[in-house]
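S.K.: Contents of my_file-v9.txt (compact mmCIF, C-alpha atoms) are below:
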# COMPACT_ATOMS: atom_id res chain seq x y z
CA MET C 1 -60.14 -3.91 -19.33
CA SER C 2 -56.59 -5.00 -18.58
CA GLU C 3 -56.31 -6.79 -21.92
CA TYR C 4 -57.45 -3.62 -23.72
CA THR C 5 -54.91 -1.53 -21.81
CA ASN C 6 -52.06 -3.96 -22.54
CA SER C 7 -53.03 -3.98 -26.21
CA ASN C 8 -52.96 -0.20 -26.41
CA TYR C 9 -49.56 -0.14 -24.62
CA SER C 10 -48.14 -2.69 -27.07
CA LYS C 11 -49.42 -0.73 -30.07
CA GLY C 12 -48.00 2.51 -28.70
CA ARG C 13 -44.64 0.88 -27.97
CA PHE C 14 -44.54 -0.63 -31.46
CA SER C 15 -45.29 2.69 -33.13
CA GLN C 16 -42.58 4.38 -31.04
CA LEU C 17 -40.02 1.79 -32.13
CA LYS C 18 -41.02 2.33 -35.76
CA GLU C 19 -40.51 6.07 -35.41
CA ASN C 20 -37.07 5.56 -33.81
CA LYS C 21 -36.02 3.07 -36.46
CA GLY C 22 -33.12 4.39 -38.47
CA LYS C 23 -32.42 7.16 -35.96
CA ASN C 24 -29.29 7.41 -33.80
CA LEU C 25 -30.41 6.90 -30.23
CA PHE C 26 -26.90 7.70 -28.94
CA GLU C 27 -24.56 10.57 -29.65
CA ARG C 28 -21.51 9.43 -31.56
CA ASN C 29 -17.91 10.49 -31.28
CA PHE C 30 -15.30 11.24 -33.94
CA PHE C 31 -14.86 7.51 -34.66
CA ASN C 32 -18.64 7.04 -35.12
CA ARG C 33 -18.91 5.09 -31.87
CA PRO C 34 -21.69 5.70 -29.33
CA LYS C 35 -20.79 8.01 -26.47
CA LEU C 36 -21.32 6.18 -23.20
CA LYS C 37 -20.99 9.32 -21.07
CA ASN C 38 -20.79 13.05 -21.52
CA ILE C 39 -17.41 14.64 -21.04
CA GLU C 40 -17.29 16.71 -17.85
CA ASP C 41 -14.82 19.31 -16.63
CA ILE C 42 -13.03 16.80 -14.39
CA ASP C 43 -12.52 14.48 -17.36
CA ILE C 44 -10.89 17.30 -19.33
CA ILE C 45 -8.61 18.14 -16.39
CA VAL C 46 -7.54 14.50 -16.04
CA GLN C 47 -6.82 14.25 -19.76
CA VAL C 48 -4.77 17.45 -19.72
CA ILE C 49 -2.73 16.30 -16.70
CA PHE C 50 -2.16 12.89 -18.30
CA THR C 51 -1.06 14.52 -21.58
CA ILE C 52 1.37 16.82 -19.74
CA PHE C 53 2.80 13.85 -17.84
CA ILE C 54 3.36 11.91 -21.08
CA ALA C 55 4.97 14.93 -22.72
CA ILE C 56 7.35 15.47 -19.77
CA THR C 57 8.27 11.78 -19.76
CA ILE C 58 9.04 11.75 -23.49
CA TYR C 59 11.04 14.99 -23.20
CA THR C 60 13.05 13.67 -20.26
CA LEU C 61 13.82 10.25 -21.78
CA PHE C 62 14.61 11.26 -25.34
CA ILE C 63 15.80 14.87 -25.15
CA ARG C 64 16.89 15.93 -21.68
CA VAL C 65 18.82 12.86 -20.52
CA GLU C 66 22.26 12.33 -21.99
CA TYR C 67 23.11 8.67 -22.47
CA LYS C 68 26.81 7.86 -22.48
CA TRP C 69 26.68 4.50 -24.20
CA GLU C 70 30.39 4.67 -25.01
CA VAL C 71 31.32 4.19 -21.34
CA VAL C 72 29.14 1.09 -20.93
CA ASP C 73 31.32 -1.96 -20.48
CA LEU C 74 29.23 -5.07 -21.09
CA GLU C 75 32.08 -7.37 -20.15
CA PHE C 76 32.44 -5.66 -16.77
CA ALA C 77 28.70 -5.95 -16.15
CA LYS C 78 28.85 -9.62 -17.09
CA ASN C 79 31.64 -10.21 -14.55
CA ILE C 80 29.62 -8.45 -11.82
CA LEU C 81 26.57 -10.63 -12.47
CA TYR C 82 28.77 -13.72 -12.45
CA GLU C 83 30.29 -12.79 -9.09
CA MET C 84 26.86 -12.04 -7.62
CA VAL C 85 25.62 -15.56 -8.33
CA ARG C 86 28.78 -17.16 -6.87
CA ILE C 87 27.50 -17.07 -3.30
CA ASP C 88 29.30 -20.35 -2.70
CA LEU C 89 32.53 -18.36 -2.39
CA ILE C 90 31.30 -16.73 0.82
CA ASP C 91 32.59 -18.32 4.04
CA SER C 92 30.10 -19.82 6.48
CA ALA C 93 30.74 -17.18 9.18
CA LYS C 94 29.76 -14.37 6.83
CA ARG C 95 26.63 -16.28 5.73
CA ILE C 96 25.53 -16.69 9.33
CA GLU C 97 26.18 -13.00 9.96
CA MET C 98 24.03 -12.00 6.98
CA VAL C 99 21.20 -14.32 8.06
CA LYS C 100 21.30 -12.74 11.52
CA ALA C 101 21.17 -9.30 9.91
CA LEU C 102 18.13 -10.42 7.91
CA VAL C 103 16.40 -11.59 11.10
CA ASN C 104 17.18 -8.24 12.74
CA THR C 105 15.69 -6.43 9.75
CA MET C 106 12.53 -8.53 9.92
CA ALA C 107 12.31 -7.84 13.64
CA LEU C 108 12.48 -4.09 13.01
CA GLY C 109 9.69 -4.32 10.46
CA PHE C 110 7.50 -6.57 12.59
CA LEU C 111 7.96 -4.60 15.82
CA SER C 112 7.12 -1.29 14.16
CA THR C 113 4.12 -2.91 12.46
CA ILE C 114 2.64 -4.58 15.55
CA THR C 115 3.08 -1.48 17.74
CA GLY C 116 1.61 0.74 15.05
CA PHE C 117 -1.26 -1.72 14.54
CA VAL C 118 -2.19 -1.80 18.24
CA GLY C 119 -2.06 1.97 18.57
CA GLY C 120 -3.80 2.49 15.24
CA LEU C 121 -6.56 0.02 16.16
CA ILE C 122 -7.39 1.94 19.32
CA MET C 123 -7.31 5.35 17.66
CA ALA C 124 -9.17 4.10 14.58
CA ILE C 125 -12.16 3.28 16.78
CA PHE C 126 -12.37 6.95 17.72
CA ALA C 127 -11.63 8.03 14.13
CA ALA C 128 -14.48 6.02 12.58
CA ARG C 129 -17.42 8.36 11.97
CA ASN C 130 -20.09 5.70 12.42
CA ILE C 131 -19.08 4.83 15.98
CA SER C 132 -17.40 7.98 17.29
CA ASN C 133 -17.99 11.68 17.80
CA LYS C 134 -17.50 13.73 14.64
CA ILE C 135 -15.24 16.30 16.32
CA VAL C 136 -12.99 13.62 17.83
CA SER C 137 -12.94 11.79 14.51
CA SER C 138 -11.88 14.93 12.63
CA ILE C 139 -9.09 15.68 15.12
CA ILE C 140 -7.64 12.16 14.93
CA ARG C 141 -7.91 12.06 11.16
CA GLY C 142 -6.17 15.42 10.90
CA PHE C 143 -3.36 14.17 13.15
CA SER C 144 -2.89 11.03 11.03
CA SER C 145 -2.86 13.08 7.83
CA VAL C 146 -0.07 15.32 9.15
CA VAL C 147 2.01 12.36 10.35
CA ARG C 148 1.43 10.41 7.13
CA ALA C 149 2.50 13.37 5.01
CA ILE C 150 6.03 13.13 6.45
CA PRO C 151 8.02 10.22 4.95
CA THR C 152 9.19 7.42 7.22
CA ILE C 153 12.86 8.17 6.63
CA ILE C 154 12.34 11.75 7.92
CA TRP C 155 10.79 10.43 11.14
CA VAL C 156 13.77 8.12 11.57
CA LEU C 157 16.22 10.96 10.99
CA ILE C 158 14.39 13.12 13.55
CA PHE C 159 14.75 10.52 16.29
CA VAL C 160 18.29 9.60 15.24
CA SER C 161 19.39 13.24 15.56
CA GLY C 162 17.78 13.47 19.00
CA TYR C 163 18.54 10.08 20.54
CA GLY C 164 21.41 8.67 18.52
CA LEU C 165 21.71 5.93 15.93
CA SER C 166 20.28 2.60 17.09
CA ALA C 167 17.66 0.02 16.22
CA THR C 168 15.32 1.55 18.82
CA THR C 169 15.28 4.95 17.16
CA ALA C 170 14.64 3.26 13.80
CA VAL C 171 11.64 1.39 15.23
CA VAL C 172 10.23 4.54 16.85
CA GLY C 173 10.59 6.47 13.59
CA MET C 174 8.85 3.71 11.62
CA PHE C 175 6.17 3.43 14.30
CA PHE C 176 4.80 6.94 13.74
CA HIS C 177 4.16 6.47 10.04
CA SER C 178 2.70 3.00 10.67
CA LEU C 179 0.39 4.46 13.33
CA ALA C 180 -0.96 7.07 10.92
CA PHE C 181 -1.37 4.44 8.20
CA PHE C 182 -3.42 2.14 10.45
CA ILE C 183 -5.57 4.99 11.78
CA ARG C 184 -6.76 5.80 8.29
CA SER C 185 -7.05 2.27 6.88
CA LEU C 186 -8.69 0.67 9.93
CA SER C 187 -11.11 3.55 10.48
CA GLU C 188 -12.26 3.21 6.87
CA ALA C 189 -12.66 -0.53 7.38
CA PHE C 190 -14.82 0.11 10.46
CA GLU C 191 -16.94 2.61 8.55
CA GLU C 192 -17.82 -0.10 6.01
CA VAL C 193 -19.67 -2.07 8.68
CA ASP C 194 -23.43 -2.11 8.04
CA SER C 195 -25.05 0.80 9.89
CA ASP C 196 -28.21 -1.25 10.46
CA THR C 197 -26.23 -3.68 12.60
CA ILE C 198 -24.89 -0.88 14.77
CA GLU C 199 -28.34 0.73 15.12
CA ALA C 200 -29.88 -2.61 16.06
CA LEU C 201 -27.31 -3.15 18.81
CA GLU C 202 -27.79 0.40 20.09
CA ALA C 203 -31.55 -0.22 20.19
CA THR C 204 -31.00 -3.24 22.42
CA GLY C 205 -29.06 -1.10 24.90
CA ALA C 206 -25.55 -2.27 23.98
CA ARG C 207 -22.70 0.02 24.98
CA LYS C 208 -20.09 1.37 22.56
CA LEU C 209 -17.44 -1.06 23.77
CA GLN C 210 -19.80 -4.00 23.27
CA ILE C 211 -20.68 -2.80 19.77
CA VAL C 212 -17.02 -2.43 18.83
CA THR C 213 -15.88 -5.77 20.24
CA GLY C 214 -19.00 -7.71 19.30
CA ALA C 215 -19.83 -6.36 15.84
CA VAL C 216 -17.44 -3.82 14.35
CA ILE C 217 -14.10 -5.62 14.81
CA PRO C 218 -15.39 -9.17 14.02
CA SER C 219 -17.00 -7.85 10.83
CA SER C 220 -13.70 -6.25 9.76
CA VAL C 221 -11.26 -9.05 10.61
CA SER C 222 -10.46 -9.91 6.98
CA ARG C 223 -9.74 -6.24 6.20
CA LEU C 224 -7.61 -5.88 9.34
CA ILE C 225 -5.48 -8.87 8.33
CA SER C 226 -5.08 -7.50 4.80
CA TRP C 227 -3.99 -4.07 6.01
CA PHE C 228 -1.60 -5.61 8.57
CA ALA C 229 -0.05 -7.81 5.88
CA LEU C 230 0.35 -4.89 3.51
CA ARG C 231 1.98 -2.69 6.12
CA PHE C 232 4.31 -5.46 7.29
CA GLU C 233 5.60 -5.85 3.75
CA GLN C 234 6.11 -2.09 3.50
CA ASN C 235 7.90 -1.88 6.85
CA PHE C 236 10.19 -4.76 5.94
CA ALA C 237 11.16 -2.96 2.73
CA THR C 238 11.59 0.26 4.70
CA ALA C 239 13.80 -1.49 7.26
CA VAL C 240 15.99 -2.75 4.41
CA ILE C 241 16.31 0.74 2.93
CA ILE C 242 16.86 2.49 6.27
CA GLY C 243 20.00 0.44 6.82
CA PRO C 244 22.15 2.04 4.11
CA ALA C 245 20.25 5.36 4.17
CA VAL C 246 20.72 6.06 7.88
CA GLY C 247 23.33 3.49 8.81
CA VAL C 248 21.37 1.38 11.27
CA PRO C 249 23.80 -1.31 12.42
CA GLY C 250 23.03 -5.02 12.18
CA THR C 251 20.58 -4.84 9.26
CA ILE C 252 20.80 -6.60 5.91
CA GLY C 253 20.65 -3.27 4.07
CA THR C 254 23.70 -1.98 5.93
CA MET C 255 25.65 -5.14 5.10
CA ILE C 256 24.76 -4.87 1.41
CA ASN C 257 25.82 -1.22 1.44
CA ASN C 258 29.15 -2.08 3.08
CA ALA C 259 29.71 -4.89 0.58
CA SER C 260 29.04 -2.55 -2.35
CA ARG C 261 31.62 -0.08 -1.06
CA MET C 262 34.20 -2.86 -0.93
CA ALA C 263 33.11 -4.22 -4.35
CA ASN C 264 32.27 -7.55 -2.72
CA TYR C 265 29.63 -8.69 -5.19
CA ASN C 266 29.33 -12.17 -3.69
CA GLU C 267 27.87 -10.73 -0.48
CA ILE C 268 25.63 -8.38 -2.47
CA GLY C 269 24.22 -11.34 -4.38
CA LEU C 270 23.58 -13.30 -1.17
CA GLY C 271 21.91 -10.30 0.47
CA VAL C 272 19.61 -9.73 -2.51
CA LEU C 273 18.75 -13.44 -2.61
CA LEU C 274 17.90 -13.49 1.11
CA ILE C 275 15.66 -10.44 0.73
CA PHE C 276 13.89 -11.96 -2.27
CA ILE C 277 13.27 -15.30 -0.55
CA THR C 278 12.01 -13.57 2.59
CA ALA C 279 9.63 -11.31 0.67
CA PHE C 280 8.34 -14.27 -1.36
CA VAL C 281 7.72 -16.44 1.72
CA MET C 282 6.04 -13.57 3.57
CA GLU C 283 3.75 -12.91 0.62
CA PHE C 284 2.80 -16.59 0.40
CA ILE C 285 2.08 -16.99 4.13
CA LEU C 286 0.09 -13.77 4.41
CA ASN C 287 -1.99 -14.64 1.34
CA GLN C 288 -2.82 -18.02 2.88
CA LEU C 289 -3.91 -16.34 6.11
CA ARG C 290 -6.11 -13.91 4.21
CA GLN C 291 -7.73 -16.67 2.15
CA ARG C 292 -8.44 -18.86 5.18
CA ASN C 293 -9.99 -15.96 7.01
CA LEU C 294 -12.19 -15.09 4.04
CA ILE C 295 -13.31 -18.71 3.67
CA ASN C 296 -14.06 -19.17 7.36
Produce structure tokens that represent the structure in this file.
M.R.:
Amino acid sequence: MSEYTNSNYSKGRFSQLKENKGKNLFERNFFNRPKLKNIEDIDIIVQVIFTIFIAITIYTLFIRVEYKWEVVDLEFAKNILYEMVRIDLIDSAKRIEMVKALVNTMALGFLSTITGFVGGLIMAIFAARNISNKIVSSIIRGFSSVVRAIPTIIWVLIFVSGYGLSATTAVVGMFFHSLAFFIRSLSEAFEEVDSDTIEALEATGARKLQIVTGAVIPSSVSRLISWFALRFEQNFATAVIIGPAVGVPGTIGTMINNASRMANYNEIGLGVLLIFITAFVMEFILNQLRQRNLIN
């Protein structure tokens, strides 16, 4: 019976293929290529927005902007680049001062990152929908969205206007944006934990704290390290920019800004080199930490 059924199925399938032979099984576009998906309204909106963006870019670059090529002095630019690479002309006292300013800048970035990470880790536990109350989660997520919508430099300016210009006010201003960043990123990392694991632990009578410390956080360690590394890089860059933007004393950005005002291109070159080396080393170390954690 089974052989007869299989034979009939094969004959029916063969006749169907013969009927479809020579027919277009897929709709084809203008270029006679098969359409892999039907165009939806959202696709049209994205294409329109992308086209408008391209048109504005072309209009701005080639029509709106006036380029004054006649005032460009290539010889002057060449001399500036030459002076920037002559960091050997800087005295040792100034080099030590710039290295100290770089360390201070790194300290600002690290302190704002670690404080924001600790606070964000605690609040992310209550913001994760799979381990917290939905109302509490919505309130915390709404708070982080409002804080994150305000740029870091605005937070710094708010605290500078209220408490004066210092490294402390810069750290506090950077802390708020870092806190909101970690609340969102860490809560999403916690929500990716397998729900079956959480339900199994709840069935055994485990409390919320035991579930978080025994399953949720250990399962998300690699993501936590990645988000911490990413934010540390961002806060370091922010600490560099805040120096000249706000005038935070003792930072590498402030020293580069002061050197540019005095046309001291040797110090500018050294400052840029120190920032580049620091960013490169940080990227290398953090990548190694992430890879080791993923392997282990």
S.K.: Go through C:Glu202, C:Ala170, C:Asn264, C:Glu192 one by one, measure the shortest atom-to-atom distance of each to Asn104 of chain C using all atoms listed in the file, and give the residue with the smallest value.
M.R.: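 For Asn104 of chain C, the nearest of the given residues is C:Ala170.
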S.K.: Do you have, as CSV, the list of residues of segment 55-134 of chain C lying at most 7 Å from segment 228-245 of chain C, each with its nearest atom pair and that distance in Å to one decimal, counting only C-alpha atoms and ordered by chain then number?
M.R.:
residue,atom,partner,partner_atom,distance
C:Thr105,CA,C:Ala239,CA,5.8
C:Met106,CA,C:Phe236,CA,6.0
C:Leu108,CA,C:Ala239,CA,6.4
C:Gly109,CA,C:Phe236,CA,4.6
C:Phe110,CA,C:Phe232,CA,6.3
C:Thr113,CA,C:Phe232,CA,5.8
S.K.: Find the distance between atom CA of Gly214 of chain C and atom CA of Leu201 of chain C and write it in Å to one decimal.
M.R.: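 Result for atom CA of Gly214 of chain C versus atom CA of Leu201 of chain C: 9.5 Å, one decimal.
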S.K.: Considering only C-alpha atoms, state which residue in the set C:Ser132, C:Ser195, C:Ser222, C:Ser92 is at the smallest distance from Gln288 of chain C.
M.R.: C:Ser222
S.K.: Show me, as a PyMOL selection string, the residues that have an atom within 8 Å of Ser166 of chain C when counting all atoms listed in the file, minus same-chain residues fewer than 4 positions from it.
M.R.: chain C and resi 160+170+248-249
S.K.: Work out how far atom CA of Ser260 of chain C is from atom CA of Leu89 of chain C, in Å to one decimal.
M.R.: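 The value is 16.2 Å.
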